[in-house]
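K.L.:
Structure file model15.pdb, PDB, C-alpha atoms and all ligand atoms, is pasted below:
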```
ATOM      1  CA  MET N   1      -9.597 -58.338   3.387
ATOM      2  CA  PRO N   2     -10.653 -58.908   7.013
ATOM      3  CA  LEU N   3      -9.679 -55.845   9.056
ATOM      4  CA  ILE N   4      -8.105 -58.008  11.763
ATOM      5  CA  GLY N   5      -5.337 -60.375  10.697
ATOM      6  CA  PHE N   6      -2.627 -62.372  12.423
ATOM      7  CA  GLY N   7       1.039 -61.387  11.930
ATOM      8  CA  THR N   8       3.674 -64.111  11.860
ATOM      9  CA  TRP N   9       7.070 -62.422  11.652
ATOM     10  CA  LYS N  10       9.617 -64.170  13.920
ATOM     11  CA  LEU N  11       7.357 -67.189  14.448
ATOM     12  CA  ARG N  12       9.389 -70.234  13.377
ATOM     13  CA  HIS N  13      10.599 -73.649  14.502
ATOM     14  CA  GLY N  14       7.194 -75.055  15.421
ATOM     15  CA  GLN N  15       5.955 -71.793  16.948
ATOM     16  CA  ALA N  16       4.416 -70.631  13.677
ATOM     17  CA  ARG N  17       2.272 -73.755  13.265
ATOM     18  CA  ALA N  18       1.059 -73.659  16.877
ATOM     19  CA  SER N  19       0.480 -69.893  16.954
ATOM     20  CA  VAL N  20      -1.384 -69.776  13.637
ATOM     21  CA  LEU N  21      -3.513 -72.741  14.648
ATOM     22  CA  ALA N  22      -4.348 -70.917  17.901
ATOM     23  CA  ALA N  23      -5.203 -67.777  15.921
ATOM     24  CA  LEU N  24      -7.528 -69.715  13.613
ATOM     25  CA  GLU N  25      -9.147 -71.392  16.627
ATOM     26  CA  VAL N  26      -9.906 -68.068  18.332
ATOM     27  CA  GLY N  27     -11.425 -66.676  15.138
ATOM     28  CA  TYR N  28      -8.819 -64.997  12.924
ATOM     29  CA  ARG N  29      -9.500 -65.551   9.220
ATOM     30  CA  HIS N  30      -6.586 -63.528   7.858
ATOM     31  CA  ILE N  31      -2.934 -64.599   8.103
ATOM     32  CA  ASP N  32       0.050 -62.458   7.087
ATOM     33  CA  THR N  33       3.394 -63.992   6.158
ATOM     34  CA  ALA N  34       6.317 -63.435   3.763
ATOM     35  CA  THR N  35       8.953 -65.603   2.121
ATOM     36  CA  MET N  36      11.441 -63.721   4.307
ATOM     37  CA  TYR N  37       9.808 -65.093   7.487
ATOM     38  CA  ALA N  38      10.731 -68.673   6.463
ATOM     39  CA  ASN N  39       7.512 -69.999   8.012
ATOM     40  CA  GLU N  40       5.180 -70.520   5.039
ATOM     41  CA  ALA N  41       5.341 -74.329   5.326
ATOM     42  CA  GLU N  42       4.424 -74.207   9.016
ATOM     43  CA  ILE N  43       1.545 -71.887   8.224
ATOM     44  CA  GLY N  44       0.411 -74.266   5.471
ATOM     45  CA  GLN N  45       0.439 -77.036   8.066
ATOM     46  CA  ALA N  46      -1.654 -74.949  10.478
ATOM     47  CA  LEU N  47      -4.156 -74.115   7.721
ATOM     48  CA  ALA N  48      -4.474 -77.823   6.898
ATOM     49  CA  ASP N  49      -4.714 -78.860  10.566
ATOM     50  CA  SER N  50      -7.416 -76.252  11.251
ATOM     51  CA  GLY N  51      -9.865 -78.126   9.029
ATOM     52  CA  LEU N  52     -11.120 -74.807   7.672
ATOM     53  CA  ASP N  53     -12.043 -74.496   3.999
ATOM     54  CA  ARG N  54      -9.406 -72.614   2.047
ATOM     55  CA  ALA N  55     -11.992 -70.010   1.031
ATOM     56  CA  GLU N  56     -12.620 -69.105   4.674
ATOM     57  CA  VAL N  57      -9.108 -67.758   5.296
ATOM     58  CA  PHE N  58      -7.482 -64.709   3.690
ATOM     59  CA  VAL N  59      -3.812 -65.513   3.100
ATOM     60  CA  THR N  60      -1.171 -62.884   2.346
ATOM     61  CA  THR N  61       2.468 -63.468   1.540
ATOM     62  CA  LYS N  62       5.220 -61.235   0.176
ATOM     63  CA  ILE N  63       8.063 -61.424  -2.306
ATOM     64  CA  ARG N  64      11.450 -59.865  -1.585
ATOM     65  CA  PRO N  65      12.695 -57.447  -4.237
ATOM     66  CA  SER N  66      15.910 -59.492  -4.374
ATOM     67  CA  ASP N  67      13.805 -62.354  -5.808
ATOM     68  CA  ALA N  68      12.622 -60.213  -8.725
ATOM     69  CA  GLY N  69      14.483 -62.348 -11.272
ATOM     70  CA  ARG N  70      12.499 -65.479 -10.397
ATOM     71  CA  VAL N  71       8.996 -64.319  -9.645
ATOM     72  CA  GLN N  72       7.162 -67.391 -10.943
ATOM     73  CA  ASP N  73       9.466 -69.785  -9.040
ATOM     74  CA  ILE N  74       8.965 -67.842  -5.813
ATOM     75  CA  LEU N  75       5.197 -67.739  -6.300
ATOM     76  CA  HIS N  76       4.988 -71.493  -6.872
ATOM     77  CA  GLN N  77       7.243 -72.128  -3.853
ATOM     78  CA  SER N  78       4.940 -69.975  -1.694
ATOM     79  CA  LEU N  79       1.822 -71.720  -3.015
ATOM     80  CA  ARG N  80       3.335 -75.166  -2.391
ATOM     81  CA  ALA N  81       4.526 -74.281   1.109
ATOM     82  CA  LEU N  82       1.200 -72.750   2.076
ATOM     83  CA  GLY N  83      -0.668 -75.704   0.564
ATOM     84  CA  THR N  84      -2.929 -73.511  -1.544
ATOM     85  CA  GLU N  85      -3.747 -73.024  -5.210
ATOM     86  CA  TYR N  86      -3.987 -69.244  -4.889
ATOM     87  CA  LEU N  87      -3.013 -66.347  -2.642
ATOM     88  CA  ASP N  88      -5.583 -63.795  -1.535
ATOM     89  CA  LEU N  89      -2.968 -61.057  -1.516
ATOM     90  CA  TRP N  90       0.620 -60.925  -2.756
ATOM     91  CA  LEU N  91       2.772 -57.973  -1.778
ATOM     92  CA  VAL N  92       6.151 -56.627  -2.857
ATOM     93  CA  HIS N  93       7.830 -56.647   0.548
ATOM     94  CA  TRP N  94       9.717 -53.373   0.061
ATOM     95  CA  PRO N  95      10.524 -51.215  -2.970
ATOM     96  CA  PRO N  96      13.405 -52.256  -5.233
ATOM     97  CA  ALA N  97      16.137 -49.612  -5.258
ATOM     98  CA  ARG N  98      15.753 -48.795  -8.974
ATOM     99  CA  ARG N  99      12.521 -47.423 -10.392
ATOM    100  CA  ALA N 100      12.767 -49.592 -13.530
ATOM    101  CA  ASP N 101      13.090 -52.729 -11.365
ATOM    102  CA  SER N 102      10.111 -51.638  -9.285
ATOM    103  CA  ARG N 103       7.958 -51.237 -12.407
ATOM    104  CA  GLN N 104       9.056 -54.589 -13.821
ATOM    105  CA  LEU N 105       8.374 -56.469 -10.586
ATOM    106  CA  TRP N 106       4.956 -54.832 -10.321
ATOM    107  CA  ASN N 107       4.112 -55.923 -13.875
ATOM    108  CA  GLU N 108       5.072 -59.479 -12.966
ATOM    109  CA  LEU N 109       2.735 -59.401  -9.961
ATOM    110  CA  LEU N 110      -0.049 -58.181 -12.239
ATOM    111  CA  ALA N 111       0.711 -61.062 -14.609
ATOM    112  CA  ALA N 112       0.387 -63.538 -11.711
ATOM    113  CA  GLN N 113      -2.989 -62.015 -10.921
ATOM    114  CA  ALA N 114      -4.041 -62.403 -14.567
ATOM    115  CA  GLN N 115      -3.098 -66.107 -14.247
ATOM    116  CA  GLN N 116      -5.526 -66.261 -11.269
ATOM    117  CA  LEU N 117      -2.788 -67.539  -8.978
ATOM    118  CA  VAL N 118      -3.246 -64.411  -6.889
ATOM    119  CA  ARG N 119      -6.570 -62.712  -6.109
ATOM    120  CA  ASP N 120      -5.084 -59.301  -5.442
ATOM    121  CA  VAL N 121      -1.710 -57.588  -5.458
ATOM    122  CA  GLY N 122      -0.181 -54.791  -3.467
ATOM    123  CA  VAL N 123       2.957 -53.371  -1.927
ATOM    124  CA  SER N 124       4.584 -52.791   1.423
ATOM    125  CA  ASN N 125       6.796 -49.979   2.673
ATOM    126  CA  TYR N 126       6.082 -47.821  -0.421
ATOM    127  CA  SER N 127       5.746 -44.049  -0.323
ATOM    128  CA  LEU N 128       2.794 -42.455  -2.113
ATOM    129  CA  ALA N 129       5.219 -41.216  -4.801
ATOM    130  CA  GLU N 130       6.480 -44.766  -5.359
ATOM    131  CA  ILE N 131       2.878 -45.989  -5.558
ATOM    132  CA  ASP N 132       1.998 -43.286  -8.078
ATOM    133  CA  ASP N 133       4.896 -44.361 -10.253
ATOM    134  CA  LEU N 134       3.572 -47.941 -10.358
ATOM    135  CA  THR N 135       0.028 -46.783 -11.030
ATOM    136  CA  ASN N 136       1.037 -44.366 -13.786
ATOM    137  CA  SER N 137       3.366 -46.816 -15.507
ATOM    138  CA  SER N 138       1.015 -49.846 -15.399
ATOM    139  CA  GLY N 139      -2.453 -48.318 -15.188
ATOM    140  CA  ARG N 140      -3.109 -50.417 -12.064
ATOM    141  CA  ALA N 141      -2.870 -49.192  -8.488
ATOM    142  CA  PRO N 142      -1.863 -51.552  -5.681
ATOM    143  CA  ALA N 143      -4.849 -52.743  -3.645
ATOM    144  CA  VAL N 144      -2.943 -52.438  -0.368
ATOM    145  CA  ASN N 145       0.107 -50.760   1.134
ATOM    146  CA  GLN N 146       1.347 -52.501   4.287
ATOM    147  CA  ILE N 147       3.295 -49.968   6.343
ATOM    148  CA  ASP N 148       4.872 -49.319   9.720
ATOM    149  CA  TRP N 149       2.056 -47.615  11.620
ATOM    150  CA  GLY N 150       0.641 -46.852  15.031
ATOM    151  CA  PRO N 151      -0.415 -43.887  17.173
ATOM    152  CA  THR N 152       3.078 -42.348  17.300
ATOM    153  CA  LEU N 153       3.329 -42.536  13.482
ATOM    154  CA  TYR N 154      -0.153 -41.138  12.821
ATOM    155  CA  ASP N 155      -0.232 -38.749   9.870
ATOM    156  CA  ALA N 156      -3.614 -37.726   8.467
ATOM    157  CA  HIS N 157      -2.004 -36.827   5.108
ATOM    158  CA  VAL N 158      -0.647 -40.331   4.669
ATOM    159  CA  LEU N 159      -4.036 -41.907   5.418
ATOM    160  CA  GLY N 160      -5.826 -39.349   3.232
ATOM    161  CA  GLY N 161      -3.377 -39.949   0.382
ATOM    162  CA  HIS N 162      -4.097 -43.673   0.410
ATOM    163  CA  ALA N 163      -7.867 -43.098   0.697
ATOM    164  CA  ASP N 164      -7.789 -40.683  -2.256
ATOM    165  CA  ARG N 165      -6.116 -43.371  -4.343
ATOM    166  CA  GLY N 166      -8.480 -46.138  -3.155
ATOM    167  CA  ILE N 167      -5.601 -48.038  -1.536
ATOM    168  CA  ALA N 168      -6.174 -49.919   1.735
ATOM    169  CA  VAL N 169      -3.666 -49.244   4.495
ATOM    170  CA  GLU N 170      -2.518 -52.234   6.478
ATOM    171  CA  ALA N 171      -0.543 -51.469   9.656
ATOM    172  CA  TYR N 172       2.394 -53.493  10.882
ATOM    173  CA  SER N 173       4.252 -53.378  14.208
ATOM    174  CA  SER N 174       1.343 -51.394  15.707
ATOM    175  CA  LEU N 175       1.897 -52.757  19.194
ATOM    176  CA  LYS N 176       5.690 -52.656  19.007
ATOM    177  CA  ASN N 177       5.520 -49.029  17.898
ATOM    178  CA  THR N 178       3.482 -48.025  20.947
ATOM    179  CA  ASP N 179       4.237 -47.449  24.623
ATOM    180  CA  LEU N 180       1.425 -49.569  26.032
ATOM    181  CA  LYS N 181       1.976 -47.891  29.439
ATOM    182  CA  ASP N 182       1.078 -44.477  28.031
ATOM    183  CA  PRO N 183      -1.327 -42.762  30.514
ATOM    184  CA  ALA N 184      -3.706 -41.605  27.768
ATOM    185  CA  LEU N 185      -4.108 -45.183  26.573
ATOM    186  CA  ALA N 186      -4.465 -46.470  30.128
ATOM    187  CA  LYS N 187      -7.300 -43.999  30.798
ATOM    188  CA  ILE N 188      -9.205 -44.977  27.655
ATOM    189  CA  ALA N 189      -8.607 -48.676  28.329
ATOM    190  CA  ALA N 190      -9.987 -48.353  31.876
ATOM    191  CA  ALA N 191     -13.082 -46.530  30.594
ATOM    192  CA  HIS N 192     -13.894 -49.445  28.274
ATOM    193  CA  ASP N 193     -12.633 -52.228  30.568
ATOM    194  CA  VAL N 194     -10.164 -53.407  27.921
ATOM    195  CA  THR N 195      -6.348 -53.432  27.671
ATOM    196  CA  PRO N 196      -4.194 -50.646  26.196
ATOM    197  CA  ALA N 197      -3.189 -53.070  23.400
ATOM    198  CA  GLN N 198      -6.871 -53.519  22.507
ATOM    199  CA  VAL N 199      -7.321 -49.727  22.491
ATOM    200  CA  VAL N 200      -4.381 -49.327  20.095
ATOM    201  CA  LEU N 201      -5.720 -51.996  17.745
ATOM    202  CA  ARG N 202      -9.274 -50.628  17.909
ATOM    203  CA  TRP N 203      -7.927 -47.122  17.113
ATOM    204  CA  HIS N 204      -6.653 -48.531  13.798
ATOM    205  CA  LEU N 205     -10.096 -49.923  12.988
ATOM    206  CA  GLU N 206     -11.671 -46.524  13.739
ATOM    207  CA  HIS N 207      -9.409 -45.172  10.959
ATOM    208  CA  ASP N 208     -10.293 -48.093   8.605
ATOM    209  CA  VAL N 209      -6.738 -49.363   8.897
ATOM    210  CA  THR N 210      -6.204 -53.136   8.907
ATOM    211  CA  VAL N 211      -4.218 -54.590  11.827
ATOM    212  CA  ILE N 212      -2.090 -57.742  11.891
ATOM    213  CA  PRO N 213      -0.837 -58.155  15.484
ATOM    214  CA  LYS N 214       1.548 -61.035  16.147
ATOM    215  CA  SER N 215       1.698 -62.991  19.372
ATOM    216  CA  ALA N 216       3.164 -66.303  20.411
ATOM    217  CA  HIS N 217       0.727 -66.382  23.347
ATOM    218  CA  ARG N 218      -2.810 -67.658  22.950
ATOM    219  CA  ASP N 219      -4.310 -65.284  25.553
ATOM    220  CA  ARG N 220      -2.855 -62.236  23.807
ATOM    221  CA  THR N 221      -3.792 -63.629  20.387
ATOM    222  CA  ALA N 222      -7.391 -63.941  21.590
ATOM    223  CA  ALA N 223      -7.473 -60.482  23.205
ATOM    224  CA  ASN N 224      -5.965 -58.869  20.089
ATOM    225  CA  PHE N 225      -8.837 -60.304  18.054
ATOM    226  CA  ASP N 226     -11.509 -59.239  20.562
ATOM    227  CA  LEU N 227     -11.996 -55.687  19.247
ATOM    228  CA  LEU N 228     -15.600 -55.523  18.132
ATOM    229  CA  GLY N 229     -17.296 -55.377  21.547
ATOM    230  CA  PHE N 230     -16.397 -51.705  22.083
ATOM    231  CA  SER N 231     -15.693 -48.610  20.035
ATOM    232  CA  LEU N 232     -13.809 -45.376  20.622
ATOM    233  CA  ALA N 233     -15.521 -41.996  20.790
ATOM    234  CA  PRO N 234     -14.255 -39.301  18.382
ATOM    235  CA  ASP N 235     -12.485 -37.448  21.227
ATOM    236  CA  GLU N 236     -10.733 -40.651  22.271
ATOM    237  CA  VAL N 237      -9.588 -41.252  18.682
ATOM    238  CA  ALA N 238      -8.341 -37.657  18.527
ATOM    239  CA  SER N 239      -6.384 -37.974  21.778
ATOM    240  CA  ILE N 240      -4.655 -41.108  20.421
ATOM    241  CA  ASP N 241      -3.952 -39.322  17.108
ATOM    242  CA  GLU N 242      -2.169 -36.657  19.156
ATOM    243  CA  MET N 243       0.384 -39.175  20.444
ATOM    244  CA  ALA N 244       2.235 -38.533  17.171
ATOM    245  CA  ASP N 245       2.768 -34.871  18.132
ATOM    246  CA  ARG N 246       4.266 -35.495  21.537
TER     247      ARG N 246
HETATM  248  N1  LIG N 301       5.796 -55.540   5.621
HETATM  249  C1  LIG N 301       6.788 -55.400   6.484
HETATM  250  O1  LIG N 301       7.890 -54.905   6.178
HETATM  251  C2  LIG N 301       6.556 -55.869   7.893
HETATM  252  C3  LIG N 301       7.466 -55.507   8.906
HETATM  253  C4  LIG N 301       7.197 -55.932  10.200
HETATM  254  C5  LIG N 301       6.068 -56.709  10.463
HETATM  255  N2  LIG N 301       5.217 -57.078   9.456
HETATM  256  C6  LIG N 301       4.013 -57.910   9.704
HETATM  257  O2  LIG N 301       3.249 -57.290  10.719
HETATM  258  C7  LIG N 301       3.057 -58.179  11.792
HETATM  259  C8  LIG N 301       2.948 -57.406  13.106
HETATM  260  O3  LIG N 301       4.127 -56.664  13.352
HETATM  261  P1  LIG N 301       5.215 -57.115  14.426
HETATM  262  O4  LIG N 301       5.209 -58.590  14.621
HETATM  263  O5  LIG N 301       6.493 -56.452  14.018
HETATM  264  O6  LIG N 301       4.762 -56.358  15.750
HETATM  265  P2  LIG N 301       3.429 -56.274  16.648
HETATM  266  O7  LIG N 301       2.418 -57.262  16.214
HETATM  267  O8  LIG N 301       3.084 -54.848  16.743
HETATM  268  O9  LIG N 301       4.023 -56.658  18.052
HETATM  269  C9  LIG N 301       4.440 -57.950  18.352
HETATM  270  C10 LIG N 301       5.060 -57.904  19.746
HETATM  271  O10 LIG N 301       4.071 -57.449  20.683
HETATM  272  C11 LIG N 301       3.853 -58.472  21.654
HETATM  273  N3  LIG N 301       2.401 -58.492  21.901
HETATM  274  C12 LIG N 301       1.438 -59.050  21.125
HETATM  275  N4  LIG N 301       0.225 -58.865  21.664
HETATM  276  C13 LIG N 301       0.404 -58.161  22.796
HETATM  277  C14 LIG N 301      -0.468 -57.671  23.799
HETATM  278  N5  LIG N 301      -1.793 -57.855  23.706
HETATM  279  N6  LIG N 301       0.064 -56.991  24.841
HETATM  280  C15 LIG N 301       1.394 -56.785  24.923
HETATM  281  N7  LIG N 301       2.284 -57.243  24.009
HETATM  282  C16 LIG N 301       1.795 -57.920  22.957
HETATM  283  C17 LIG N 301       4.398 -59.748  21.064
HETATM  284  O11 LIG N 301       4.908 -60.571  22.072
HETATM  285  P3  LIG N 301       4.457 -62.122  22.237
HETATM  286  O12 LIG N 301       4.615 -62.789  20.907
HETATM  287  O13 LIG N 301       5.424 -62.606  23.263
HETATM  288  O14 LIG N 301       3.027 -62.081  22.715
HETATM  289  C18 LIG N 301       5.538 -59.245  20.185
HETATM  290  O15 LIG N 301       6.706 -59.036  20.943
HETATM  291  C19 LIG N 301       4.293 -59.093  11.690
HETATM  292  O16 LIG N 301       4.175 -60.264  12.480
HETATM  293  C20 LIG N 301       4.341 -59.317  10.217
HETATM  294  O17 LIG N 301       3.349 -60.252   9.811
HETATM  295  C21 LIG N 301       5.438 -56.634   8.175
END
```
Starting from the coordinates I provided, produce the structure as structure tokens.

P.N.:
Amino acid sequence: MPLIGFGTWKLRHGQARASVLAALEVGYRHIDTATMYANEAEIGQALADSGLDRAEVFVTTKIRPSDAGRVQDILHQSLRALGTEYLDLWLVHWPPARRADSRQLWNELLAAQAQQLVRDVGVSNYSLAEIDDLTNSSGRAPAVNQIDWGPTLYDAHVLGGHADRGIAVEAYSSLKNTDLKDPALAKIAAAHDVTPAQVVLRWHLEHDVTVIPKSAHRDRTAANFDLLGFSLAPDEVASIDEMADR
């Protein structure tokens, strides 16, 4: 999974096609969507219009727990809308309320993977205890947990818990969760001649956390992808970690 992806929540009504096409043009090769975002068809259009080979782009979508009774229908709808024969990653969008339902849905995702319609499967918004229940009941751990994350939510135990289990952490709402005017971020940004948003996104990469920033603006989309020309020193990473304690 490329460590930098493009988020698409709230992009609809033509904006999703244009924004995803812009993201692919500036270099993103990882797109995050969900059936709930109601934009899979527009994203499929952007993927087709980009002219890129399917294998070049990592595509994630998600299934709502309320769709648990019709997993195969939902999967085929997502595949059709996205114009692809397989997903790179399919996530349970959030945990079903009942443990038995959570286990059953997880088993159905594993079955879709066995059918080779999905390369890998994971979850979103799960606690480590909820993940352990899936792993213990099925013998298969999720590849990814996509969670609300950012400097103010930093918790070394949460990251360590995922690392111990071999589960990749993917951060959502990283920019939204952060005061981009924070003086500590501004200082670090000035030192590297980048923006505070780039510092926040780069901080995730320093922790091996995948980022999926969303933007409807091409200049921001490009800047959010431009994270590999600088790196943060350990003391800079530590000072951003400390934003969670303030
Ligand atoms: N699994 C889940 O439950 C879940 C929940 C939420 C989100 N997600 C996924 O995660 C993705 C990212 O999360 P998100 O969309 O909530 O929030 P986000 O990417 O952290 O923030 C998006 C907001 O930040 C603005 N922005 C983008 N780049 C910026 C920059 N360089 N400087 C200043 N502002 C900037 C955007 O405005 P403009 O568009 O106007 O640029 C938009 O208002 C979503 O799109 C979705 O794919 C998953």

K.L.:
Check what the PyMOL selection byres (((chain N and resi 47-59) around 8) and not hetatm) selects in the file above and give those residues as an NGL selection string.

P.N.:
:N and (1-2 or 20-21 or 24-25 or 29-33 or 43-46 or 60-61 or 82-84 or 87-89)

K.L.:
Pull the closest atom pair for each residue of chain N that gets at most 9 Å from ligand LIG 301 (chain N), along with the distance in Å to one decimal, counting all atoms listed in the file, ordering rows by chain and then ascending residue number, as CSV.

P.N.:
```
residue,atom,partner,partner_atom,distance
N:Gly5,CA,N:LIG301,O17,8.7
N:Phe6,CA,N:LIG301,O17,6.9
N:Gly7,CA,N:LIG301,O17,3.3
N:Thr8,CA,N:LIG301,O16,3.9
N:Trp9,CA,N:LIG301,O16,3.7
N:Lys10,CA,N:LIG301,O16,6.9
N:Leu11,CA,N:LIG301,O16,7.9
N:Ile31,CA,N:LIG301,O17,7.8
N:Asp32,CA,N:LIG301,O17,4.8
N:Thr33,CA,N:LIG301,O17,5.2
N:Ala34,CA,N:LIG301,O17,7.5
N:Tyr37,CA,N:LIG301,O17,8.4
N:Thr61,CA,N:LIG301,O17,8.9
N:Lys62,CA,N:LIG301,N1,7.9
N:Leu91,CA,N:LIG301,N1,8.4
N:Val92,CA,N:LIG301,N1,8.6
N:His93,CA,N:LIG301,N1,5.6
N:Trp94,CA,N:LIG301,O1,6.6
N:Val123,CA,N:LIG301,N1,8.4
N:Ser124,CA,N:LIG301,N1,5.2
N:Asn125,CA,N:LIG301,O1,6.1
N:Asn145,CA,N:LIG301,N1,8.7
N:Gln146,CA,N:LIG301,N1,5.6
N:Ile147,CA,N:LIG301,N1,6.2
N:Asp148,CA,N:LIG301,C3,6.8
N:Trp149,CA,N:LIG301,O8,8.9
N:Gly150,CA,N:LIG301,O8,8.5
N:Glu170,CA,N:LIG301,O2,8.8
N:Ala171,CA,N:LIG301,O2,7.0
N:Tyr172,CA,N:LIG301,O2,3.9
N:Ser173,CA,N:LIG301,O8,3.2
N:Ser174,CA,N:LIG301,O8,4.0
N:Leu175,CA,N:LIG301,O8,3.4
N:Lys176,CA,N:LIG301,O8,4.1
N:Asn177,CA,N:LIG301,O8,6.4
N:Thr178,CA,N:LIG301,O8,8.0
N:Leu180,CA,N:LIG301,C15,7.3
N:Thr195,CA,N:LIG301,N5,7.5
N:Pro196,CA,N:LIG301,N6,7.8
N:Ala197,CA,N:LIG301,N5,5.0
N:Gln198,CA,N:LIG301,N5,6.8
N:Val211,CA,N:LIG301,C8,7.8
N:Ile212,CA,N:LIG301,C7,5.2
N:Pro213,CA,N:LIG301,O7,3.5
N:Lys214,CA,N:LIG301,O7,3.9
N:Ser215,CA,N:LIG301,O12,3.3
N:Ala216,CA,N:LIG301,O12,3.8
N:His217,CA,N:LIG301,O14,4.9
N:Arg218,CA,N:LIG301,O14,8.1
N:Asp219,CA,N:LIG301,N5,8.1
N:Arg220,CA,N:LIG301,N5,4.5
N:Thr221,CA,N:LIG301,N4,6.4
N:Ala222,CA,N:LIG301,N5,8.5
N:Ala223,CA,N:LIG301,N5,6.3
N:Asn224,CA,N:LIG301,N5,5.6
```

K.L.:
Given the file shown, determine the residues that the PyMOL selection byres (((chain N and resi 127-131) around 8) and not hetatm) selects; report them as a PyMOL selection string.

P.N.:
chain N and resi 95+125-126+132-135+141-142+158+161-162

K.L.:
For this structure, which residues satisfy the selection - the PyMOL selection byres (((chain N and resi 68) around 9) and not hetatm) - when it is evaluated on the file as given? I want them as a list of chain:residue names.

P.N.:
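In the shown coordinates, the PyMOL selection byres (((chain N and resi 68) around 9) and not hetatm) covers N:Ile63, N:Arg64, N:Pro65, N:Ser66, N:Asp67, N:Gly69, N:Arg70, N:Val71, N:Ile74, N:Pro96, N:Asp101, N:Ser102, N:Gln104, N:Leu105, N:Glu108.
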
K.L.:
One decimal, Å: what's the distance from CA of Gln77 (chain N) over to CA of Val144 (chain N), could you say?

P.N.:
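Separating CA of Gln77 (chain N) from CA of Val144 (chain N) is a distance of 22.4 Å.
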
K.L.:
Can you work out the spacing between CA of Arg202 (chain N) and CA of Met36 (chain N) in Å, to one decimal?

P.N.:
28.0 Å

K.L.:
Any idea what the distance is between CA of Thr210 (chain N) and CA of Asp73 (chain N)?

P.N.:
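One can read the CA of Thr210 (chain N) to CA of Asp73 (chain N) distance as 29.1 Å.
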
K.L.:
Restricting the calculation to all atoms listed in the file, which member of N:Ala233, N:Ala163, N:Ala16, N:Ile4 is positioned closest to Ala191 (chain N)?

P.N.:
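Looking at the shortest contact to Ala191 (chain N), the residue is N:Ala233.
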
K.L.:
Could you check the closest approach to Asp245 (chain N) for each of N:Thr152, N:Leu159, N:Ala23, N:Val200 and tell me which residue wins, using only C-alpha atoms?

P.N.:
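Among the listed residues, N:Thr152 lies closest to Asp245 (chain N).
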
K.L.:
With a distance cut-off of 10 Å and all atoms listed in the file, select the neighbouring residues of Gly14 (chain N), excluding the residue or stretch itself and same-chain residues fewer than 3 positions from it, and output the selection as a ChimeraX atom specification.

P.N.:
/N:11,17-19,39,42-43

K.L.:
Quick one: residues within 10 Å of His207 (chain N), all atoms listed in the file, excluding same-chain residues fewer than 6 positions away - as a list in words?

P.N.:
Ala156, Leu159, Val169 and Val237 of chain N

K.L.:
Given the choices N:Phe225, N:Tyr154, N:Ser78, N:Glu242, which gets closest to Ala22 (chain N) if the distance is worked out from only C-alpha atoms?

P.N.:
N:Phe225
